[in-house]
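Asker: Dropping in data.csv, which is CSV, C-alpha atoms:
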chain,number,residue,atom,x,y,z
A,1,MET,CA,-73.1,-7.0,43.1
A,2,GLN,CA,-73.1,-7.6,39.3
A,3,VAL,CA,-72.0,-11.2,39.7
A,4,LYS,CA,-75.0,-11.9,41.9
A,5,LYS,CA,-77.4,-10.3,39.4
A,6,VAL,CA,-75.9,-12.3,36.5
A,7,LEU,CA,-76.1,-15.6,38.5
A,8,THR,CA,-79.7,-14.9,39.5
A,9,TYR,CA,-80.7,-14.3,35.8
A,10,ALA,CA,-78.8,-17.4,34.8
A,11,ALA,CA,-80.6,-19.5,37.4
A,12,ILE,CA,-84.0,-18.1,36.3
A,13,ALA,CA,-83.1,-18.8,32.6
A,14,PHE,CA,-82.1,-22.3,33.5
A,15,VAL,CA,-85.4,-23.0,35.4
A,16,ALA,CA,-87.4,-21.6,32.5
A,17,PHE,CA,-85.5,-23.7,30.0
A,18,TYR,CA,-86.0,-26.8,32.1
A,19,LEU,CA,-89.7,-26.1,32.5
A,20,PHE,CA,-90.2,-25.7,28.7
A,21,THR,CA,-88.0,-28.6,27.6
A,22,ARG,CA,-88.9,-31.2,30.2
A,23,PRO,CA,-92.2,-30.3,31.9
A,24,ALA,CA,-92.8,-33.8,33.2
A,25,ASP,CA,-89.4,-33.9,35.0
A,26,ALA,CA,-89.9,-30.5,36.4
A,27,ALA,CA,-93.3,-31.5,37.8
A,28,SER,CA,-91.8,-34.6,39.3
A,29,ALA,CA,-89.1,-32.5,41.0
A,30,VAL,CA,-91.7,-30.1,42.4
A,31,ARG,CA,-93.8,-33.0,43.6
A,32,GLY,CA,-90.8,-34.5,45.3
A,33,ALA,CA,-90.0,-31.2,47.0
A,34,MET,CA,-93.5,-30.9,48.2
A,35,ASP,CA,-93.6,-34.4,49.5
A,36,THR,CA,-90.4,-33.6,51.5
A,37,VAL,CA,-92.0,-30.5,53.0
A,38,VAL,CA,-95.2,-32.4,53.9
A,39,ASN,CA,-93.2,-35.2,55.5
A,40,ALA,CA,-91.2,-32.8,57.5
A,41,ALA,CA,-94.4,-31.0,58.7
A,42,ASP,CA,-95.9,-34.3,59.7
A,43,SER,CA,-92.8,-35.3,61.7
A,44,LEU,CA,-92.8,-31.9,63.4
A,45,ALA,CA,-96.5,-32.3,64.3
A,46,LEU,CA,-95.9,-35.8,65.7
A,47,PHE,CA,-93.0,-34.5,67.8
A,48,VAL,CA,-95.1,-31.7,69.2
A,49,ALA,CA,-97.9,-34.1,69.9
A,50,LYS,CA,-95.6,-36.5,71.8
A,51,LEU,CA,-94.4,-33.6,74.0
A,52,THR,CA,-97.8,-33.2,75.6
Just give me the structure of the file as structure tokens.
Answerer:
Amino acid sequence: MQVKKVLTYAAIAFVAFYLFTRPADAASAVRGAMDTVVNAADSLALFVAKLT
């Protein structure tokens, strides 16, 4: 259980470090992830629409 807690804190520290040192790259990564989610939702909506 301790290893999981340490890894969680390390991941949070890495994300915070990345946000503070390279905010433009972090924003680009978030934008890319959101674009992927939106594209997946659009594809799912198109699939459901074609079923009817």
Asker: What is the atom CA of Lys5 of chain A to atom CA of Phe17 of chain A distance in Å?
Answerer: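 Calculated distance between atom CA of Lys5 of chain A and atom CA of Phe17 of chain A is 18.3 Å.
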Asker: Give me, please, the distance in Å between atom CA of Gly32 of chain A and atom CA of Lys50 of chain A, quoted to one decimal.
Answerer: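 Spanning atom CA of Gly32 of chain A to atom CA of Lys50 of chain A is a straight-line distance of 27.0 Å.
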Asker: One decimal, in Å: what's the spacing between atom CA of Ala13 of chain A and atom CA of Asp25 of chain A?
Answerer: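 Result for atom CA of Ala13 of chain A versus atom CA of Asp25 of chain A: 16.5 Å, one decimal.
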